[in-house]
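Asks: Okay, here's the structure, questions in a sec.
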Amino acid sequence: MEQIFEQSPSAALKHRYDYCAGCGHGVTIRLLAEVIDELALRERTVGVLGVGCYSTSPVTFDFDCQLALHGRAPAMATAVKRLLPDRLVFTFQGDGDMAAIGTTEIIHAATRGENFTALLLNNANFGETGGHLAPTTVLGQRTPSSPQGRDALEHGYPTRLTEMLALLDGANYVARVAVNKPANVLRAKAAIKKAFKAQMAGPGFSMVEVLSACPSGWRLTPVEAHSWIEEVQTKTYPLGVLKDATS
């Protein structure tokens with residue numbers, strides 16, 4: 001890193017990487033950038049970022065980005081898309097940002113059929129602030145605020161936000177993917193591209209939930225964390241397309 005800073009501040013930012021070893025956020029950001037370039041939409045893209053580990057990604061992205069108040073990215077994305085309807089507009093939010101603080105915003109945006117794409121990074125905890133229990137934490141999962149494991153009677157059940165949004169008439173395309181192994185990474189990229197194409201084709205809300213490993217928050221090695229997604233997390237959050245009204 002010292003060698004990078006010796007070159008220039010811009011070179012340091014170009015090579016910057018903010019995520020823990022094994023974190024799925026970096027993979028998701030790479031897929032997002034690849035899809036935007038493949039669709040030739042970089043100059044027409046506006047990203048609206050929530051509050052989380054991923055909030056530094058404007059340093060990586062080479063397109064316009066906005067930082068929203070905690071949970072309010074859907075409201076800002078609504079304004080941007082209505083003012084600039086020819087733009088590709090997406091929100092990039094963690095499960096704490098979207099499924100806890102921002103639940104009202106995302107539900108009403110989908111109900112109205114707002115024509116932007118929501119990307120939800122589900123790592124089953126509040127990763128940025130120490131890994132404590134989030135709405136998406138699965139039953140039995142231990143966190144600093146649920147040291148004995150999430151208990152339904154004490155903490156409630158996990159929030160399946162994607163299933164909820166898929167039921168709404170305003171939603172056109174809703175899918176859940178993971179980035180824990182090569183085959184799933186390819187499916188994740190295809191889902192993001194499908195959601196973006198659906199947005200650019202016409203009105204309607206689209207969403208892709210991404211199961212993203214958080215080895216530091218889960219107190220696991222990167223290898224163990226990617227296996228945990230397959231063996232535990234997908235049992236609560238099955239992968240697949242939940243709704244496709246685009247055809």
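Following the order of the structure tokens, first chain is A, next is B, and so on, with residues numbered from 1 inside each chain and ligands from 1 in the order they appear.
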Excluding Val80 in chain A and its own-chain neighbours fewer than 6 positions away, which residues fall within 10 Å of it when counting only C-alpha atoms? Please give them as a list in words.
Replies: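 The residues satisfying every condition are Val46, Gly47, Val48, Gln66, Pro74, Arg87, Leu88, Val89, Phe90 and Phe116 of chain A.
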Asks: For C-alpha atoms, I'd like the residues from the last selection saved as a short mmCIF file (atom, residue, chain, number, x, y, z; two decimals), in the first residue's frame.
Replies:
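Everything below was put into part-v1.cif:
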data_model
loop_
_atom_site.label_atom_id
_atom_site.label_comp_id
_atom_site.auth_asym_id
_atom_site.auth_seq_id
_atom_site.Cartn_x
_atom_site.Cartn_y
_atom_site.Cartn_z
CA VAL A 46 -26.89 6.63 -11.31
CA GLY A 47 -26.24 4.49 -8.25
CA VAL A 48 -27.85 5.33 -4.91
CA GLN A 66 -25.40 9.35 -4.55
CA PRO A 74 -35.36 3.96 -2.42
CA ARG A 87 -31.14 6.78 -16.71
CA LEU A 88 -30.37 3.36 -15.27
CA VAL A 89 -31.00 3.88 -11.55
CA PHE A 90 -30.27 1.33 -8.85
CA PHE A 116 -35.59 1.43 -10.54
#
Asks: I need the helix (DSSP H, G or I) residues of range 110-200 of chain A per DSSP on the backbone, written as a PyMOL selection string.
Replies: chain A and resi 110-112+127-129+152-155+161-166+182-200
Asks: Export, as a short mmCIF file (atom, residue, chain, number, x, y, z; two decimals), in the first residue's frame, the selected residues with N, CA and C atoms.
Replies:
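selection.cif written:
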data_model
loop_
_atom_site.label_atom_id
_atom_site.label_comp_id
_atom_site.auth_asym_id
_atom_site.auth_seq_id
_atom_site.Cartn_x
_atom_site.Cartn_y
_atom_site.Cartn_z
N ALA A 110 -41.82 -0.35 -4.13
CA ALA A 110 -42.24 -1.50 -4.92
C ALA A 110 -43.75 -1.48 -5.15
N THR A 111 -44.51 -1.07 -4.15
CA THR A 111 -45.97 -0.98 -4.29
C THR A 111 -46.36 0.01 -5.39
N ARG A 112 -45.64 1.11 -5.47
CA ARG A 112 -45.91 2.10 -6.50
C ARG A 112 -45.38 1.69 -7.86
N GLY A 127 -23.01 -6.09 9.40
CA GLY A 127 -21.58 -6.33 9.25
C GLY A 127 -20.71 -5.14 9.58
N GLU A 128 -21.16 -3.94 9.25
CA GLU A 128 -20.33 -2.75 9.43
C GLU A 128 -20.13 -2.40 10.89
N THR A 129 -21.06 -2.78 11.74
CA THR A 129 -21.01 -2.35 13.14
C THR A 129 -20.79 -3.51 14.11
N ALA A 152 -36.71 -17.64 18.00
CA ALA A 152 -37.93 -17.05 17.45
C ALA A 152 -38.77 -16.35 18.51
N LEU A 153 -38.84 -16.92 19.72
CA LEU A 153 -39.68 -16.32 20.76
C LEU A 153 -39.06 -15.03 21.30
N GLU A 154 -37.75 -14.98 21.34
CA GLU A 154 -37.08 -13.80 21.89
C GLU A 154 -36.82 -12.74 20.84
N HIS A 155 -36.40 -13.16 19.64
CA HIS A 155 -35.94 -12.21 18.61
C HIS A 155 -36.86 -12.12 17.40
N LEU A 161 -37.66 -10.44 3.04
CA LEU A 161 -38.11 -9.23 2.36
C LEU A 161 -38.36 -9.47 0.88
N THR A 162 -37.53 -10.26 0.24
CA THR A 162 -37.68 -10.51 -1.19
C THR A 162 -38.99 -11.20 -1.50
N GLU A 163 -39.37 -12.17 -0.68
CA GLU A 163 -40.67 -12.83 -0.87
C GLU A 163 -41.81 -11.83 -0.70
N MET A 164 -41.69 -10.94 0.25
CA MET A 164 -42.73 -9.93 0.47
C MET A 164 -42.89 -9.04 -0.75
N LEU A 165 -41.77 -8.57 -1.29
CA LEU A 165 -41.84 -7.65 -2.43
C LEU A 165 -42.33 -8.34 -3.69
N ALA A 166 -42.05 -9.62 -3.83
CA ALA A 166 -42.49 -10.36 -5.02
C ALA A 166 -44.01 -10.44 -5.10
N PRO A 182 -18.54 -20.42 -8.17
CA PRO A 182 -18.56 -19.93 -9.56
C PRO A 182 -19.91 -20.02 -10.25
N ALA A 183 -20.60 -21.15 -10.13
CA ALA A 183 -21.89 -21.30 -10.82
C ALA A 183 -22.89 -20.27 -10.32
N ASN A 184 -22.89 -20.03 -9.02
CA ASN A 184 -23.81 -19.03 -8.46
C ASN A 184 -23.43 -17.61 -8.86
N VAL A 185 -22.13 -17.35 -8.98
CA VAL A 185 -21.68 -16.03 -9.43
C VAL A 185 -22.21 -15.74 -10.83
N LEU A 186 -22.15 -16.73 -11.71
CA LEU A 186 -22.66 -16.55 -13.08
C LEU A 186 -24.17 -16.31 -13.07
N ARG A 187 -24.89 -17.03 -12.22
CA ARG A 187 -26.34 -16.82 -12.12
C ARG A 187 -26.65 -15.43 -11.55
N ALA A 188 -25.83 -14.99 -10.61
CA ALA A 188 -26.03 -13.66 -10.04
C ALA A 188 -25.86 -12.58 -11.09
N LYS A 189 -24.84 -12.72 -11.91
CA LYS A 189 -24.62 -11.74 -12.97
C LYS A 189 -25.79 -11.72 -13.95
N ALA A 190 -26.29 -12.89 -14.30
CA ALA A 190 -27.42 -12.97 -15.23
C ALA A 190 -28.66 -12.31 -14.64
N ALA A 191 -28.88 -12.49 -13.34
CA ALA A 191 -30.06 -11.89 -12.68
C ALA A 191 -29.95 -10.38 -12.64
N ILE A 192 -28.76 -9.86 -12.33
CA ILE A 192 -28.57 -8.40 -12.31
C ILE A 192 -28.80 -7.82 -13.70
N LYS A 193 -28.30 -8.50 -14.71
CA LYS A 193 -28.49 -8.02 -16.08
C LYS A 193 -29.96 -8.06 -16.46
N LYS A 194 -30.67 -9.12 -16.07
CA LYS A 194 -32.09 -9.22 -16.38
C LYS A 194 -32.87 -8.09 -15.70
N ALA A 195 -32.52 -7.79 -14.45
CA ALA A 195 -33.22 -6.73 -13.72
C ALA A 195 -32.98 -5.37 -14.37
N PHE A 196 -31.75 -5.12 -14.79
CA PHE A 196 -31.44 -3.84 -15.45
C PHE A 196 -32.15 -3.72 -16.79
N LYS A 197 -32.18 -4.81 -17.54
CA LYS A 197 -32.88 -4.79 -18.82
C LYS A 197 -34.38 -4.55 -18.61
N ALA A 198 -34.94 -5.16 -17.58
CA ALA A 198 -36.36 -4.97 -17.28
C ALA A 198 -36.64 -3.51 -16.96
N GLN A 199 -35.73 -2.88 -16.20
CA GLN A 199 -35.92 -1.46 -15.88
C GLN A 199 -35.89 -0.59 -17.13
N MET A 200 -34.94 -0.83 -18.01
CA MET A 200 -34.80 0.01 -19.19
C MET A 200 -35.90 -0.25 -20.21
#
Asks: Hey, can you check how far CA of Gly202 in chain A sits from CA of His25 in chain A?
Replies: 28.4 Å
Asks: Compile the contact shell of range 97-101 of chain A as a ChimeraX atom specification: residues with an atom at most 7 Å away, counting only C-alpha atoms, same-chain residues fewer than 3 positions apart removed.
Replies: /A:50-51,70-71,93-94,106,135,161
Asks: Determine, counting only C-alpha atoms, which protein, DNA and RNA residues have an atom within 7 Å of an atom of Leu120 in chain A; residues of the same chain fewer than 5 positions away are not included. Present the result as a PDB file with N, CA and C atoms, in the first residue's frame.
Replies:
ATOM      1  N   PHE A  92     -28.137   0.296  -3.870  1.00  0.00           N
ATOM      2  CA  PHE A  92     -27.190  -0.722  -3.417  1.00  0.00           C
ATOM      3  C   PHE A  92     -27.228  -0.671  -1.904  1.00  0.00           C
ATOM      4  N   GLN A  93     -27.862  -1.687  -1.285  1.00  0.00           N
ATOM      5  CA  GLN A  93     -28.161  -1.611   0.142  1.00  0.00           C
ATOM      6  C   GLN A  93     -27.889  -2.939   0.834  1.00  0.00           C
ATOM      7  N   GLY A  94     -27.466  -2.854   2.085  1.00  0.00           N
ATOM      8  CA  GLY A  94     -27.328  -4.042   2.900  1.00  0.00           C
ATOM      9  C   GLY A  94     -28.654  -4.432   3.522  1.00  0.00           C
ATOM     10  N   ASP A  95     -28.668  -5.596   4.180  1.00  0.00           N
ATOM     11  CA  ASP A  95     -29.914  -6.066   4.790  1.00  0.00           C
ATOM     12  C   ASP A  95     -30.319  -5.183   5.968  1.00  0.00           C
ATOM     13  N   VAL A 208     -32.912  -7.597  -6.961  1.00  0.00           N
ATOM     14  CA  VAL A 208     -32.086  -8.800  -6.843  1.00  0.00           C
ATOM     15  C   VAL A 208     -31.477  -8.818  -5.444  1.00  0.00           C
ATOM     16  N   GLU A 209     -31.770  -9.866  -4.696  1.00  0.00           N
ATOM     17  CA  GLU A 209     -31.138 -10.088  -3.398  1.00  0.00           C
ATOM     18  C   GLU A 209     -29.914 -10.971  -3.602  1.00  0.00           C
ATOM     19  N   VAL A 210     -28.796 -10.580  -3.006  1.00  0.00           N
ATOM     20  CA  VAL A 210     -27.542 -11.327  -3.147  1.00  0.00           C
ATOM     21  C   VAL A 210     -27.115 -11.833  -1.776  1.00  0.00           C
TER      22      VAL A 210
END
Asks: Can you list, as an mmCIF file with N, CA and C atoms, in the first residue's frame, every protein, DNA or RNA residue that comes within 7 Å of Leu239 in chain A when you count only C-alpha atoms, leaving out same-chain residues fewer than 3 positions away?
Replies:
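Saved file out.cif follows:
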data_model
loop_
_atom_site.group_PDB
_atom_site.id
_atom_site.type_symbol
_atom_site.label_atom_id
_atom_site.label_comp_id
_atom_site.auth_asym_id
_atom_site.auth_seq_id
_atom_site.Cartn_x
_atom_site.Cartn_y
_atom_site.Cartn_z
ATOM 1 N N ARG A 176 -33.426 -14.005 -6.158
ATOM 2 C CA ARG A 176 -32.423 -14.144 -5.089
ATOM 3 C C ARG A 176 -31.280 -15.000 -5.619
ATOM 4 N N VAL A 177 -30.060 -14.531 -5.421
ATOM 5 C CA VAL A 177 -28.868 -15.223 -5.917
ATOM 6 C C VAL A 177 -27.833 -15.259 -4.799
ATOM 7 N N THR A 234 -29.136 -20.634 2.683
ATOM 8 C CA THR A 234 -30.082 -20.891 1.592
ATOM 9 C C THR A 234 -31.290 -21.707 2.040
#
Asks: Could you work out how far CA of Phe126 in chain A lies from CA of Gln233 in chain A, giving the answer in Å with one decimal?
Replies: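 Interatomic distance here is 15.4 Å.
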Asks: From the set A:Phe63, A:Ala201, A:Glu34, A:Trp218, which residue has the shortest atom-to-atom contact distance to Gly149 in chain A, counting only C-alpha atoms?
Replies: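 Of the candidates, the smallest distance to Gly149 in chain A is held by A:Trp218.
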Asks: Just want the 9 Å neighbourhood of Cys20 in chain A, counted on only C-alpha atoms, with same-chain residues fewer than 2 positions away dropped. Output as a tab-separated table (two decimals) with N, CA and C atoms, in the first residue's frame.
Replies:
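This is the output file out.tsv:
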chain	number	residue	atom	x	y	z
A	17	TYR	N	-9.12	-1.53	-1.86
A	17	TYR	CA	-10.06	-2.63	-1.60
A	17	TYR	C	-10.45	-2.56	-0.13
A	18	ASP	N	-11.73	-2.42	0.13
A	18	ASP	CA	-12.19	-2.13	1.48
A	18	ASP	C	-12.80	-3.31	2.22
A	22	GLY	N	-12.77	-12.84	1.82
A	22	GLY	CA	-13.92	-13.73	1.69
A	22	GLY	C	-15.26	-13.03	1.62
A	23	CYS	N	-15.30	-11.71	1.83
A	23	CYS	CA	-16.56	-10.96	1.76
A	23	CYS	C	-17.13	-11.02	0.34
A	214	CYS	N	-19.99	-13.01	5.04
A	214	CYS	CA	-19.39	-12.05	5.97
A	214	CYS	C	-18.55	-12.84	6.98
A	215	PRO	N	-17.37	-13.32	6.56
A	215	PRO	CA	-16.55	-14.16	7.44
A	215	PRO	C	-16.22	-13.52	8.78
A	216	SER	N	-15.91	-12.23	8.79
A	216	SER	CA	-15.55	-11.57	10.05
A	216	SER	C	-16.75	-11.46	10.98
Asks: Fewer than 2 positions away in the same chain doesn't count, so skip those; otherwise give me all residues within 6 Å of Pro158 in chain A, counting only C-alpha atoms, as a count of residues only.
Replies: 4
Asks: Find, counting only C-alpha atoms, the residue in A:Gly24, A:Gly217, A:Gly113, A:Pro147 that gets nearest to Phe205 in chain A.
Replies: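 That would be A:Gly113, the residue with the smallest distance to Phe205 in chain A.
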Asks: For the structure I just gave you, how does DSSP split range 96-212 of chain A - specifically, which residues are strand (DSSP E or B)? Reply as a PyMOL selection string.
Replies: chain A and resi 117-122+126+132+143+146+171-178+205-211
Asks: Would you put the residues from that selection into a file with N, CA and C atoms, as a PDB file, in the first residue's frame?
Replies:
ATOM      1  N   THR A 117     -34.046  -0.331  -9.930  1.00  0.00           N
ATOM      2  CA  THR A 117     -33.653  -1.668  -9.493  1.00  0.00           C
ATOM      3  C   THR A 117     -33.029  -1.591  -8.108  1.00  0.00           C
ATOM      4  N   ALA A 118     -33.494  -2.424  -7.199  1.00  0.00           N
ATOM      5  CA  ALA A 118     -32.944  -2.493  -5.852  1.00  0.00           C
ATOM      6  C   ALA A 118     -32.040  -3.718  -5.745  1.00  0.00           C
ATOM      7  N   LEU A 119     -30.832  -3.513  -5.273  1.00  0.00           N
ATOM      8  CA  LEU A 119     -29.900  -4.612  -5.028  1.00  0.00           C
ATOM      9  C   LEU A 119     -29.698  -4.733  -3.520  1.00  0.00           C
ATOM     10  N   LEU A 120     -30.052  -5.888  -2.983  1.00  0.00           N
ATOM     11  CA  LEU A 120     -29.975  -6.136  -1.546  1.00  0.00           C
ATOM     12  C   LEU A 120     -28.832  -7.098  -1.248  1.00  0.00           C
ATOM     13  N   LEU A 121     -27.857  -6.654  -0.460  1.00  0.00           N
ATOM     14  CA  LEU A 121     -26.760  -7.514  -0.013  1.00  0.00           C
ATOM     15  C   LEU A 121     -27.142  -8.109   1.336  1.00  0.00           C
ATOM     16  N   ASN A 122     -27.434  -9.401   1.352  1.00  0.00           N
ATOM     17  CA  ASN A 122     -27.877 -10.079   2.570  1.00  0.00           C
ATOM     18  C   ASN A 122     -26.720 -10.886   3.146  1.00  0.00           C
ATOM     19  N   PHE A 126     -25.515  -7.155  10.881  1.00  0.00           N
ATOM     20  CA  PHE A 126     -25.068  -5.780  10.663  1.00  0.00           C
ATOM     21  C   PHE A 126     -23.541  -5.808  10.588  1.00  0.00           C
ATOM     22  N   HIS A 132     -23.825  -7.668  14.729  1.00  0.00           N
ATOM     23  CA  HIS A 132     -24.947  -7.995  15.604  1.00  0.00           C
ATOM     24  C   HIS A 132     -26.185  -8.399  14.794  1.00  0.00           C
ATOM     25  N   THR A 143     -24.786 -14.163  17.201  1.00  0.00           N
ATOM     26  CA  THR A 143     -24.217 -12.840  16.947  1.00  0.00           C
ATOM     27  C   THR A 143     -23.900 -12.212  18.302  1.00  0.00           C
ATOM     28  N   SER A 146     -27.062 -11.844  19.995  1.00  0.00           N
ATOM     29  CA  SER A 146     -27.810 -13.099  20.202  1.00  0.00           C
ATOM     30  C   SER A 146     -26.787 -14.210  20.424  1.00  0.00           C
ATOM     31  N   ALA A 171     -44.137  -4.881  -8.663  1.00  0.00           N
ATOM     32  CA  ALA A 171     -42.854  -5.543  -8.906  1.00  0.00           C
ATOM     33  C   ALA A 171     -42.900  -6.361 -10.198  1.00  0.00           C
ATOM     34  N   ASN A 172     -41.933  -6.121 -11.070  1.00  0.00           N
ATOM     35  CA  ASN A 172     -41.850  -6.853 -12.340  1.00  0.00           C
ATOM     36  C   ASN A 172     -40.913  -8.049 -12.281  1.00  0.00           C
ATOM     37  N   TYR A 173     -39.748  -7.844 -11.658  1.00  0.00           N
ATOM     38  CA  TYR A 173     -38.745  -8.908 -11.625  1.00  0.00           C
ATOM     39  C   TYR A 173     -38.092  -8.931 -10.254  1.00  0.00           C
ATOM     40  N   VAL A 174     -38.131 -10.104  -9.599  1.00  0.00           N
ATOM     41  CA  VAL A 174     -37.569 -10.263  -8.263  1.00  0.00           C
ATOM     42  C   VAL A 174     -36.834 -11.604  -8.212  1.00  0.00           C
ATOM     43  N   ALA A 175     -35.573 -11.577  -7.795  1.00  0.00           N
ATOM     44  CA  ALA A 175     -34.781 -12.811  -7.761  1.00  0.00           C
ATOM     45  C   ALA A 175     -33.854 -12.807  -6.554  1.00  0.00           C
ATOM     46  N   ARG A 176     -33.426 -14.005  -6.158  1.00  0.00           N
ATOM     47  CA  ARG A 176     -32.423 -14.144  -5.089  1.00  0.00           C
ATOM     48  C   ARG A 176     -31.280 -15.000  -5.619  1.00  0.00           C
ATOM     49  N   VAL A 177     -30.060 -14.531  -5.421  1.00  0.00           N
ATOM     50  CA  VAL A 177     -28.868 -15.223  -5.917  1.00  0.00           C
ATOM     51  C   VAL A 177     -27.833 -15.259  -4.799  1.00  0.00           C
ATOM     52  N   ALA A 178     -26.695 -15.883  -5.075  1.00  0.00           N
ATOM     53  CA  ALA A 178     -25.590 -15.943  -4.121  1.00  0.00           C
ATOM     54  C   ALA A 178     -24.281 -15.816  -4.885  1.00  0.00           C
ATOM     55  N   PHE A 205     -40.963  -2.125 -10.871  1.00  0.00           N
ATOM     56  CA  PHE A 205     -39.888  -2.278  -9.898  1.00  0.00           C
ATOM     57  C   PHE A 205     -39.171  -3.609 -10.122  1.00  0.00           C
ATOM     58  N   SER A 206     -37.858  -3.609  -9.950  1.00  0.00           N
ATOM     59  CA  SER A 206     -37.088  -4.856 -10.036  1.00  0.00           C
ATOM     60  C   SER A 206     -36.116  -4.933  -8.874  1.00  0.00           C
ATOM     61  N   MET A 207     -35.812  -6.164  -8.461  1.00  0.00           N
ATOM     62  CA  MET A 207     -34.950  -6.352  -7.296  1.00  0.00           C
ATOM     63  C   MET A 207     -34.171  -7.639  -7.406  1.00  0.00           C
ATOM     64  N   VAL A 208     -32.912  -7.597  -6.961  1.00  0.00           N
ATOM     65  CA  VAL A 208     -32.086  -8.800  -6.843  1.00  0.00           C
ATOM     66  C   VAL A 208     -31.477  -8.818  -5.444  1.00  0.00           C
ATOM     67  N   GLU A 209     -31.770  -9.866  -4.696  1.00  0.00           N
ATOM     68  CA  GLU A 209     -31.138 -10.088  -3.398  1.00  0.00           C
ATOM     69  C   GLU A 209     -29.914 -10.971  -3.602  1.00  0.00           C
ATOM     70  N   VAL A 210     -28.796 -10.580  -3.006  1.00  0.00           N
ATOM     71  CA  VAL A 210     -27.542 -11.327  -3.147  1.00  0.00           C
ATOM     72  C   VAL A 210     -27.115 -11.833  -1.776  1.00  0.00           C
ATOM     73  N   LEU A 211     -27.036 -13.156  -1.606  1.00  0.00           N
ATOM     74  CA  LEU A 211     -26.496 -13.715  -0.375  1.00  0.00           C
ATOM     75  C   LEU A 211     -24.985 -13.543  -0.412  1.00  0.00           C
TER      76      LEU A 211
END
Asks: Quick one: distance from CA of Leu168 in chain A to CA of Ala245 in chain A in Å, one decimal?
Replies: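 Atom-to-atom, CA of Leu168 in chain A and CA of Ala245 in chain A are spaced 11.5 Å apart.
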Asks: Looking at only C-alpha atoms, which of A:Glu38, A:Asn115, A:Ser247, A:Leu69 is the one that sits closest to Leu83 in chain A?
Replies: A:Asn115
